[in-house]
Amino acid sequence: MPCLARSHVWAAEEPDRIVCAPVRPDGRAQQATTPPTLTDLDQQVQQLRQELALLEAQLAAQAAQPSAQQESLVPPPAESLPKAERINFRGFGELNYKVLDQRKPEIASGGFVAGSAANFYTGNFDLLLTAPIGPRAHVLAEINFEGADAQDFDVDVERMLLTYDFRDWLRASAGRYQTSIGYYNTVFMSSAWPQTTVDRPLIMAFPGEGGVLPVQAVGLSLQGVIPSGNLGLDYVFEYGSSDTIRARLNGIGSDDENNGNQVNIGIFARPDRFPGLEIGGSFYHDNISDDRNLSIRYGQTILNAHIVYVARGLEFLNEGVVIRHAELNGPNVFNMPGAYTLISKQFGHVRPFFRFQYLNMNPQSALHDVLLRYGPSFGTRYDFNRQIALKLQFDRTWRKSQLVLNGVQTQLSFAF
Amino acid sequence: MMIPRANTMFRILAVLSLCGCALWGQNVDVAVVVNPKNPVAILTLPALRKLFAGETRTWPGGTPVKLIIRAPGAHEREVVLRLLRLSEDEYARYWTTQAYRGEGTEPVAVFSNGMQKEAVLAIPGAIAVMDARDLKPGLKVMKIEGKLPGEEGYPLH
């Protein structure tokens with residue numbers, strides 16, 4: 001008798017009698033207690049052959065005449081699709097709750113709408129789409145639905161890039177990108193989920209939330225590896241337009257910087273001997289206007305330096321910038337520093353963190369609404385799993401000519 | 001004095017030998033294998049780490065690197081995670097972040113060394129790590145720090 005089920009093995013009881021016995025959990029065949037005769041086996045074989053023929057006929061009939069419903073439900077095999085059609089989706093979302101000890105919140109302190117009395121808000125809901133176009137090219141698009149006043153959402157294409165990998169020493173991208181000023185803006189992009197803290201450091205905040213750096217641009221970006229042995233040097237070169245409109249921190253009005261074309265050159269090292277360590281810097285330059293007096297143009301130079309270590313569950317980020325505004329046809333020069341340090345360590349699902357940040361903008365400059373502000377933030381991130389995180393953060397910010405601002409923020413962020 | 005029965009002795013020996021095999025299995029060398037057409041024959045550990053971190057994305061000659069890795073639970077995967085100095089959770093977050101940055105393509109996870117072999121043979125730029133005992137003809141085994149699996153001082157096991 002043929003053994004049709006995988007849970008059966010051939011077992012030889014005696015040389016002239018072969019039976020098919022079920023397998024026990026320990027893998028040994030059970031002994032048949034009443035072995036059938038050859039006549040019984042012959043009858044069973046004939047019966048099984050008839051049943052098999054009937055089943056084959058039914059299957060052949062179904063295969064020849066598939067119903068319309070079946071056709072619509074069966075997807076085409078993936079192999080038959082051109083590679084360009086295989087779009088990979090990822091998404092990132094967040095829900096925030098924030099309490100401040102003052103009635104007049106600030107835009108840059110977490111996406112609050114100035115004057116709002118509400119505590120819940122959504123930050124960014126990001127959809128990331130990537131698709132290969134041939135073996136070396138791919139497209140990346142990041143579409144952001146950003147929460148606004150009265151539960152509205154503003155749609156923004158944060159990134160839209162066509163990238164071609166020539167070699168490791170040259171990867172060329174064209175489109176809208178995040179400027180490679182420093183580490184944070186390059187690594188964490190727009191979403192809250194990858195970052196440990198609830199919000200971005202002040203110097204890396206988005207201009208729409210009162211941030212001071214041109215963190216996005218449209219143009220061409222080149223990056224790659226510099227042959228440097230164990231030093232692990234990489235470079236980035238960007239040329240584009242980072243036309244930026246900054247929301248003022250007090251939530252009243254905004255400043256159009258009328259940026260000219262920007263050049264950004266960065267270099268950073270990841271030494272082989274110290275996996276997780278990155279040391280680097282960047283030089284950015286463009287021309288901007290003071291929106292209060294459009295006849296004044298400034299040459300804007302942004303110098304950045306960073307040293308970070310991310311490995312073995314430890315995250316230690318240190319980054320500083322100097323923003324230099326030099327009047328093109330006048331004597332005014334403003335050198336304005338900013339920096340942050342962030343340290344966190346993973347313990348199981350919990351990652352406590354501490355951050356201190358500092359920012360000092362000149363009141364005569366185009367960044368007149370920011371002024372001096374500094375202070376610590378601390379809290380913890382709890383990862384429910386690899387895709388859902390809950391964060392709790394306390395902030396205390398000293399501000400020039402204003403009261404100290406204390407805040408509590410919680411955030412539920414997720415990736416899918 | 002009690003003398004164990006023969007089948008009890010046999011069970012004890014079987015358990016001991018299984019434990020021995022399991023322990024020995026953890027120390028067995030794992031080989032780094034690539035497609036036979038790959039021009040590279042020797043890698044340093046930092047170069048291997050950069051490959052599996054997605055930092056090196058093309059082979060000399062321009063062929064894109066395609067990372068193949070065993071699914072969670074396999075010894076070969078643990079070797080790669082140790083090389084990257086990441087836990088399983090950190091590894092998952094790392095690649096989610098890399099994908100978000102648009103940096104590199106997440107490794108393809110497969111369930112057996114047989115599947116790894118098929119993938120490496122089918123994809124010119126593929127690289128995988130597999131138990132040296134499962135090596136099959138046709139695969140190109142890379143020297144790591146100048147050593148082949150089985151040689152004294154081979155670093156991956």
# chains A, B, ... in the order shown; residues from 1 in each chain; ligands from 1
call {"tool": "residues_around", "arguments": {"residues": "region 41-53 of chain B", "least_positions_apart": "2", "cutoff": "10 Å", "atoms": "only C-alpha atoms", "output": "VMD selection string"}}
result
(chain A and resid 230 232 271 to 275) or (chain B and resid 32 to 34 36 38 to 39 55 to 59 65 to 69 80 to 85 91 94 to 95 98 104 to 107 127 to 128 140 to 148 155 to 156)
call {"tool": "interface_residues", "arguments": {"of": "chain A", "to": "chain B", "cutoff": "8 Å", "atoms": "only C-alpha atoms", "output": "number ranges by chain"}}
result
A: 90, 128, 130, 135-136, 140, 166-168, 186-189, 194, 272, 311-313, 386
call {"tool": "write_last_selection", "arguments": {"atoms": "C-alpha atoms", "output": "CSV table (one decimal), in the first residue's frame"}}
result
chain,number,residue,atom,x,y,z
A,90,ARG,CA,7.2,52.3,4.8
A,128,LEU,CA,8.2,56.6,2.4
A,130,THR,CA,11.3,53.5,-2.7
A,135,PRO,CA,20.3,47.5,-10.8
A,136,ARG,CA,21.9,50.8,-9.8
A,140,LEU,CA,12.8,57.6,-3.1
A,166,PHE,CA,28.0,54.7,-10.0
A,167,ARG,CA,30.4,53.2,-7.5
A,168,ASP,CA,30.9,53.5,-3.8
A,186,THR,CA,21.1,63.5,7.8
A,187,VAL,CA,20.2,60.6,9.9
A,188,PHE,CA,16.8,61.3,11.4
A,189,MET,CA,15.1,63.1,8.6
A,194,PRO,CA,13.9,56.9,14.6
A,272,ASP,CA,37.5,51.0,11.3
A,311,ALA,CA,27.0,51.2,19.2
A,312,ARG,CA,26.4,48.6,21.8
A,313,GLY,CA,23.1,50.2,22.8
A,386,ARG,CA,10.6,46.9,17.1
call {"tool": "atom_distance", "arguments": {"atom1": "CA of Trp398 (chain A)", "atom2": "CA of Gly375 (chain A)"}}
result
6.0 Å
call {"tool": "closest_residue", "arguments": {"among": "A:Ala172, A:Val404, A:Ile279, A:Leu342", "to": "Arg200 (chain A)", "atoms": "only C-alpha atoms"}}
result
A:Leu342
call {"tool": "select_by_dssp", "arguments": {"residues": "region 2-130 of chain B", "states": "strand (DSSP E or B)", "output": "list of chain:residue names"}}
result
B:Val30, B:Ala31, B:Val32, B:Val33, B:Val34, B:Ile42, B:Leu43, B:Thr58, B:Pro64, B:Lys66, B:Leu67, B:Ile68, B:Ile69, B:Arg70, B:Val108, B:Ala109, B:Val110, B:Ala126, B:Ile127, B:Ala128, B:Val129, B:Met130
call {"tool": "atom_distance", "arguments": {"atom1": "CA of Gly93 (chain A)", "atom2": "CA of Phe416 (chain A)"}}
result
8.8 Å
call {"tool": "closest_residue", "arguments": {"among": "B:Ala71, B:Leu135, B:Val40, B:Val30", "to": "Glu118 (chain B)", "atoms": "only C-alpha atoms"}}
result
B:Leu135
call {"tool": "atom_distance", "arguments": {"atom1": "CA of Thr163 (chain A)", "atom2": "CA of Val218 (chain A)"}}
result
13.7 Å
call {"tool": "residues_around", "arguments": {"residues": "Met336 (chain A)", "least_positions_apart": "3", "cutoff": "6 Å", "atoms": "only C-alpha atoms", "output": "PyMOL selection string"}}
result
chain A and resi 322-323+360-361
call {"tool": "select_by_dssp", "arguments": {"residues": "region 21-137 of chain B", "states": "alpha helix (DSSP H)", "output": "PyMOL selection string"}}
result
chain B and resi 21-27+45-52+75-84+88-101+113-122
